[in-house]
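Engineer: The structure follows.
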Amino acid sequence: MIEDLWYKNAVIYCLDVETFMDGNGDGVGDFVGLRRKLDYLAGLGITCLWLMPFQPTPNRDNGYDISDYYGVDPRLGDLGDFVAFTHEAKLHGIRVIIDLVVNHTSDQHPWFQAARKDPDGRFGDYYVWSKKRPKDANKGMVFPGVQPSTWTYDKEAKLWYFHRFFDFQPDLNVSNPEVREQILKVMGFWLELGVSGFRVDAVPFLVELKGVKNPGVKNPYALLEEMREFLSWRKGDAILLAEANVTMDEVVEFFGKNDRMQLVFNFLANQNFYLSLTRGDATPLVDALKESPDLPHTAQWANFLRNHDELDLGRLSDEDRQEVFQSLGPDKGMQLYDRGLRRRLASMLDGDRRRIELAYSLMFTLPGTPVLWYGDELGMGENLALVERQSVRTPMQWSPEPHGGFTLADKPVKPLVSEGPFGFPQVNVAQQRRDPASQLNWTERIIRARKECPELGWGAWKILRTSNKGVLAIRYDWKGNAMVVLHNLSSRPCTVKLDTGGEEACPLYNVLTEDHSEPVDGKRHVVTLEGYGYRWFRVGQDNPARKHKAEPLR
Ligand code: GLC
């Protein structure tokens, strides 16, 4: 069994170069600025950065509309700055993965420009066309309420083109073998420049081939295998992390049999976590976790609380979603696309440290690899004055200085959150760094603990019964070591009786504090948790190092 799958215990941190740190004083974050902040990220304990798109772009969807796959947006630097950055990240022990946005290009991409000029020419079949407006053109929009249709008439081509996202993002025909070759070429380019893999955008659409008249392939999932195979040949330890908000039945296809995506975001656990937190009842989350299929050896879940998009609650029932809306974002202006919330975690939880810690402690201990959204380690909030998903994409809050220390320019690329309890004068790195009790320092400590518990990333897990439905208890087993983690999702303190699931009676050693637990009543434990309390225990026995003290390790 290969044990050097680094991503099983990575701590991933997602950021947008544009809003992280301005290194040249022009108001826009850039690679020079990001490079300067590598010490900060290494200090926090991050082991892998996920960079959102930074390529040349008309920038109408925050860079997810790429017009050149082989360059750097000149506002952020150039390829030299990119390589200087990946090189230095490596010296800090930090890997870099980047977004791979190949479901669509920008309409300004030369391929689309050539295709619309000459739909019968070489690039015509790169996109998805129709002579007539398809009947289902007003169905399946990813951004309902903002984007009215999935087909748009192009005057130049005199044809309709397909786009699941905005009309300036024409879908590529990924069943065209030439397009597939282009995708691999893009991957090969960035791998050569030092990245350790890709967060693959919109994967369910890459395997759907909707609207394609004569698909060039029979099995659309073969693309994922081609990508994985190519990746392994070019860089053996590189990864594919899929954005795939799909059901547990479907997700099996995305992992494949160790031959498709290594990591898939657990959207179902994410949405049910928020329902559980709203109700103070672990049941929805437990049900979501129990639905997870057994994963192949190289596969792993990626867990997150918030990301750069809306908090998508589309997989909850209408009533359940409304319940979460009422609790975490009751105003219409906080909601988006009829399914989500455009808020950050800390503000949704009213800055309540108990709930914020509970949420992160849980995210760091759910089966899988944790993924953080920049600024959430401080408890940044959103700016609802910005449109749609921009609300959660404001510049990083470094200090109480003007523009939060993000830039020396008069006008930052996006306005910061400057007022109220989450404004940069209150919430910033400089102040939290000096305060041992700050959320930043708490996050640093919990990340250190997470890295010291490889069982969580590698282990076989099972949910333990507790006598209280507010409490989620998970046991992990790996190489003769075991951990038990407890989270009380309710505001009410409680005492739970716990059978740790092992063979023998043994103590539970608290990994975070001195508060250990001895078995009572046979091998059961009785643990008292505060409202929103959490415990990480290492199970005291079954440790081979202790059992076979004298035997040298082979
Ligand atoms: C993904 C991204 C989102 C983007 C969309 C189109 O869903 O997460 O931000 O708008 O793809 O590329």
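Just so we're on the same page: first chain in the structure tokens is A, next is B, and so on; residues restart at 1 for each chain, and ligands are numbered from 1 in the order they show up.
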What are the nearest atom pairs, with distances in Å to one decimal, for all residues of chain A that come at most 12 Å from ligand 1, using only C-alpha atoms and all ligand atoms, set out by chain and rising residue number as a Markdown table?

Structural biologist:
```
| residue | atom | partner | partner_atom_place_in_ligand_line | distance |
| --- | --- | --- | --- | --- |
| A:Cys14 | CA | ligand 1 | 8 (O) | 11.5 |
| A:Asp16 | CA | ligand 1 | 9 (O) | 11.2 |
| A:Leu51 | CA | ligand 1 | 8 (O) | 11.9 |
| A:Met52 | CA | ligand 1 | 9 (O) | 8.8 |
| A:Pro53 | CA | ligand 1 | 12 (O) | 9.4 |
| A:Asn59 | CA | ligand 1 | 10 (O) | 10.8 |
| A:Arg60 | CA | ligand 1 | 10 (O) | 9.4 |
| A:Asp61 | CA | ligand 1 | 10 (O) | 5.7 |
| A:Asn62 | CA | ligand 1 | 9 (O) | 7.2 |
| A:Gly63 | CA | ligand 1 | 12 (O) | 8.2 |
| A:Tyr64 | CA | ligand 1 | 12 (O) | 4.5 |
| A:Asp65 | CA | ligand 1 | 12 (O) | 6.7 |
| A:Ile66 | CA | ligand 1 | 12 (O) | 9.1 |
| A:Asp99 | CA | ligand 1 | 2 (C) | 9.1 |
| A:Leu100 | CA | ligand 1 | 12 (O) | 9.4 |
| A:Val101 | CA | ligand 1 | 12 (O) | 6.3 |
| A:Val102 | CA | ligand 1 | 12 (O) | 8.4 |
| A:Asn103 | CA | ligand 1 | 12 (O) | 7.5 |
| A:His104 | CA | ligand 1 | 12 (O) | 7.3 |
| A:Thr105 | CA | ligand 1 | 12 (O) | 8.7 |
| A:Ser106 | CA | ligand 1 | 12 (O) | 9.6 |
| A:Met141 | CA | ligand 1 | 6 (C) | 11.3 |
| A:Val142 | CA | ligand 1 | 7 (O) | 8.3 |
| A:Phe143 | CA | ligand 1 | 10 (O) | 8.7 |
| A:Gln147 | CA | ligand 1 | 10 (O) | 11.8 |
| A:His163 | CA | ligand 1 | 6 (C) | 10.0 |
| A:Arg164 | CA | ligand 1 | 6 (C) | 8.4 |
| A:Phe165 | CA | ligand 1 | 6 (C) | 5.9 |
| A:Phe166 | CA | ligand 1 | 6 (C) | 7.8 |
| A:Asp167 | CA | ligand 1 | 6 (C) | 11.0 |
| A:Phe168 | CA | ligand 1 | 6 (C) | 10.5 |
| A:Gln169 | CA | ligand 1 | 12 (O) | 7.8 |
| A:Pro170 | CA | ligand 1 | 12 (O) | 10.4 |
| A:Asp171 | CA | ligand 1 | 12 (O) | 10.0 |
| A:Leu172 | CA | ligand 1 | 12 (O) | 11.9 |
| A:Arg199 | CA | ligand 1 | 8 (O) | 9.6 |
| A:Val200 | CA | ligand 1 | 1 (C) | 8.9 |
| A:Asp201 | CA | ligand 1 | 1 (C) | 5.3 |
| A:Ala202 | CA | ligand 1 | 1 (C) | 5.4 |
| A:Val203 | CA | ligand 1 | 1 (C) | 9.0 |
| A:Pro204 | CA | ligand 1 | 7 (O) | 10.3 |
| A:Phe205 | CA | ligand 1 | 11 (O) | 10.0 |
| A:Leu206 | CA | ligand 1 | 11 (O) | 11.4 |
| A:Ala242 | CA | ligand 1 | 1 (C) | 10.4 |
| A:Glu243 | CA | ligand 1 | 8 (O) | 7.3 |
| A:Ala244 | CA | ligand 1 | 7 (O) | 8.9 |
| A:Asn245 | CA | ligand 1 | 7 (O) | 9.3 |
| A:Phe265 | CA | ligand 1 | 8 (O) | 11.4 |
| A:Arg306 | CA | ligand 1 | 8 (O) | 11.5 |
| A:Asn307 | CA | ligand 1 | 8 (O) | 8.2 |
| A:His308 | CA | ligand 1 | 9 (O) | 6.4 |
| A:Asp309 | CA | ligand 1 | 9 (O) | 5.4 |
| A:Glu310 | CA | ligand 1 | 9 (O) | 8.7 |
| A:Leu311 | CA | ligand 1 | 8 (O) | 10.9 |
| A:Asp312 | CA | ligand 1 | 7 (O) | 10.4 |
| A:Glu388 | CA | ligand 1 | 10 (O) | 10.6 |
| A:Arg389 | CA | ligand 1 | 9 (O) | 8.1 |
| A:Gln390 | CA | ligand 1 | 9 (O) | 9.9 |
| A:Val392 | CA | ligand 1 | 9 (O) | 11.5 |
| A:Arg393 | CA | ligand 1 | 9 (O) | 10.7 |
```

Engineer: So which one's closest to Glu18 of chain A, A:Leu305, A:Leu49, A:Met396, A:Ala238? Using only C-alpha atoms, please.

Structural biologist: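 Comparing A:Leu305, A:Leu49, A:Met396, A:Ala238 against Glu18 of chain A, the winner is A:Met396.
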
Engineer: With DSSP run on the backbone, what are the strand (DSSP E or B) residues within segment 276-485 of chain A? I'd like them as a VMD selection string.

Structural biologist: chain A and resid 300 to 304 311 to 312 335 to 336 340 to 341 369 to 373 460 to 464 471 to 478 481 to 485

Engineer: Please determine, counting only C-alpha atoms, which residue among A:Val212, A:Cys453, A:Arg315, A:Asp281 has the shortest atom-to-atom distance to Leu472 of chain A.

Structural biologist: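 Under the stated criterion, the closest residue is A:Asp281.
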
Engineer: With only C-alpha atoms as the counted atoms, please give the residues lying no more than 7 Å from segment 31-33 of chain A, apart from itself and same-chain residues fewer than 5 positions off, as a list in words.

Structural biologist: Val17, Met21, Asp22, Gly23, Leu76, Gly77, Asp81, Phe82 and Phe85 of chain A

Engineer: Could you please take those selected residues and save N, CA, C and O atoms as a compact mmCIF listing (two decimals), in the first residue's frame?

Structural biologist:
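What follows is the written file out.txt:
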```txt
# COMPACT_ATOMS: atom_id res chain seq x y z
N VAL A 17 -5.28 35.48 -6.16
CA VAL A 17 -4.08 36.34 -6.13
C VAL A 17 -4.49 37.81 -6.15
O VAL A 17 -3.89 38.65 -5.48
N MET A 21 -2.63 40.07 -1.71
CA MET A 21 -1.66 41.09 -1.29
C MET A 21 -1.11 41.82 -2.51
O MET A 21 -0.64 41.19 -3.45
N ASP A 22 -1.19 43.13 -2.44
CA ASP A 22 -0.69 43.96 -3.54
C ASP A 22 0.80 44.26 -3.29
O ASP A 22 1.14 44.96 -2.34
N GLY A 23 1.65 43.75 -4.18
CA GLY A 23 3.10 43.93 -3.99
C GLY A 23 3.66 45.15 -4.69
O GLY A 23 4.78 45.58 -4.39
N LEU A 76 -1.51 40.84 -12.50
CA LEU A 76 -1.01 40.03 -11.38
C LEU A 76 0.47 39.69 -11.49
O LEU A 76 1.07 39.20 -10.53
N GLY A 77 1.05 39.96 -12.65
CA GLY A 77 2.46 39.65 -12.84
C GLY A 77 2.66 38.96 -14.18
O GLY A 77 1.83 39.09 -15.08
N ASP A 81 7.11 35.77 -12.62
CA ASP A 81 6.66 35.95 -11.23
C ASP A 81 5.98 34.68 -10.73
O ASP A 81 6.11 34.30 -9.56
N PHE A 82 5.27 34.01 -11.64
CA PHE A 82 4.59 32.79 -11.23
C PHE A 82 5.60 31.72 -10.82
O PHE A 82 5.48 31.09 -9.77
N PHE A 85 7.29 32.42 -7.65
CA PHE A 85 6.38 32.12 -6.55
C PHE A 85 6.30 30.62 -6.25
O PHE A 85 6.44 30.19 -5.11
```

Engineer: Which neighbours of Cys48 of chain A fall inside 7 Å, counting only C-alpha atoms, when residues of the same chain fewer than 4 positions from it are skipped, and could you give them as a PyMOL selection string?

Structural biologist: chain A and resi 10-13+94-96

Engineer: So that I have them on file, write out the residues from the current selection with all heavy atoms, as a tab-separated table (two decimals), in the first residue's frame.

Structural biologist:
```
chain	number	residue	atom	x	y	z
A	10	ALA	N	-3.13	16.74	3.72
A	10	ALA	CA	-2.78	18.13	3.40
A	10	ALA	C	-3.73	19.08	4.11
A	10	ALA	O	-4.82	18.70	4.54
A	10	ALA	CB	-2.88	18.34	1.89
A	11	VAL	N	-3.29	20.32	4.28
A	11	VAL	CA	-4.19	21.39	4.71
A	11	VAL	C	-4.20	22.39	3.56
A	11	VAL	O	-3.19	23.04	3.28
A	11	VAL	CB	-3.72	22.05	6.02
A	11	VAL	CG1	-4.67	23.17	6.41
A	11	VAL	CG2	-3.62	21.01	7.13
A	12	ILE	N	-5.32	22.46	2.86
A	12	ILE	CA	-5.39	23.26	1.63
A	12	ILE	C	-6.02	24.62	1.94
A	12	ILE	O	-6.95	24.72	2.74
A	12	ILE	CB	-6.22	22.50	0.55
A	12	ILE	CG1	-5.58	21.12	0.27
A	12	ILE	CG2	-6.28	23.32	-0.75
A	12	ILE	CD1	-6.32	20.27	-0.74
A	13	TYR	N	-5.48	25.63	1.30
A	13	TYR	CA	-5.94	27.02	1.53
A	13	TYR	C	-6.18	27.64	0.17
A	13	TYR	O	-5.30	27.64	-0.69
A	13	TYR	CB	-4.83	27.75	2.28
A	13	TYR	CG	-5.08	29.16	2.75
A	13	TYR	CD1	-5.47	29.42	4.05
A	13	TYR	CD2	-4.81	30.26	1.93
A	13	TYR	CE1	-5.63	30.73	4.53
A	13	TYR	CE2	-4.96	31.56	2.39
A	13	TYR	CZ	-5.37	31.79	3.69
A	13	TYR	OH	-5.49	33.08	4.17
A	94	ILE	N	5.29	24.27	0.79
A	94	ILE	CA	3.90	24.45	0.37
A	94	ILE	C	3.75	24.07	-1.10
A	94	ILE	O	4.47	24.59	-1.95
A	94	ILE	CB	3.45	25.92	0.58
A	94	ILE	CG1	3.50	26.27	2.06
A	94	ILE	CG2	2.06	26.16	0.01
A	94	ILE	CD1	3.10	27.71	2.38
A	95	ARG	N	2.84	23.18	-1.37
A	95	ARG	CA	2.54	22.83	-2.76
A	95	ARG	C	1.51	23.80	-3.32
A	95	ARG	O	0.78	24.43	-2.55
A	95	ARG	CB	1.97	21.42	-2.83
A	95	ARG	CG	2.96	20.33	-2.53
A	95	ARG	CD	2.24	19.02	-2.50
A	95	ARG	NE	3.10	17.93	-2.13
A	95	ARG	CZ	3.76	17.18	-3.02
A	95	ARG	NH1	3.63	17.41	-4.31
A	95	ARG	NH2	4.52	16.20	-2.61
A	96	VAL	N	1.43	23.83	-4.63
A	96	VAL	CA	0.47	24.75	-5.27
A	96	VAL	C	-0.39	23.95	-6.25
A	96	VAL	O	0.15	23.21	-7.08
A	96	VAL	CB	1.21	25.86	-6.04
A	96	VAL	CG1	0.23	26.78	-6.74
A	96	VAL	CG2	2.11	26.66	-5.09
```

Engineer: Using only C-alpha atoms, can you tell me which of A:Ile98, A:Ala269, A:Leu341, A:Val217 comes closest to Val186 of chain A?

Structural biologist: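 With only C-alpha atoms as the atom set, the closest residue is A:Ile98.
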
Engineer: Looking at only C-alpha atoms, which of A:Arg180, A:Gly211, A:Phe54, A:Gly457 is the one that sits closest to Trp151 of chain A?

Structural biologist: A:Gly211

Engineer: A:Met380, A:Ala157, A:Leu184, A:Ala137: which is nearest Asp120 of chain A, counting only C-alpha atoms?

Structural biologist: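 Among the listed residues, the smallest separation from Asp120 of chain A belongs to A:Ala157.
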
Engineer: Compare A:Pro293, A:Pro284, A:Gly29, A:Pro454 by their minimum atom-to-atom distance to Leu5 of chain A, counting only C-alpha atoms, and give me the closest one.

Structural biologist: A:Pro454

Engineer: One decimal, in Å: what's the spacing between atom CA of Ser361 of chain A and atom CA of Leu41 of chain A?

Structural biologist: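 We find that atom CA of Ser361 of chain A and atom CA of Leu41 of chain A lie 19.0 Å from each other.
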
Engineer: Write out as a ChimeraX atom specification which residues come within 12 Å of Ser196 of chain A when counting only C-alpha atoms, dropping same-chain ones fewer than 6 positions away.

Structural biologist: /A:6-7,47-51,86-87,89-90,94-99,187-190,231-232,234-241
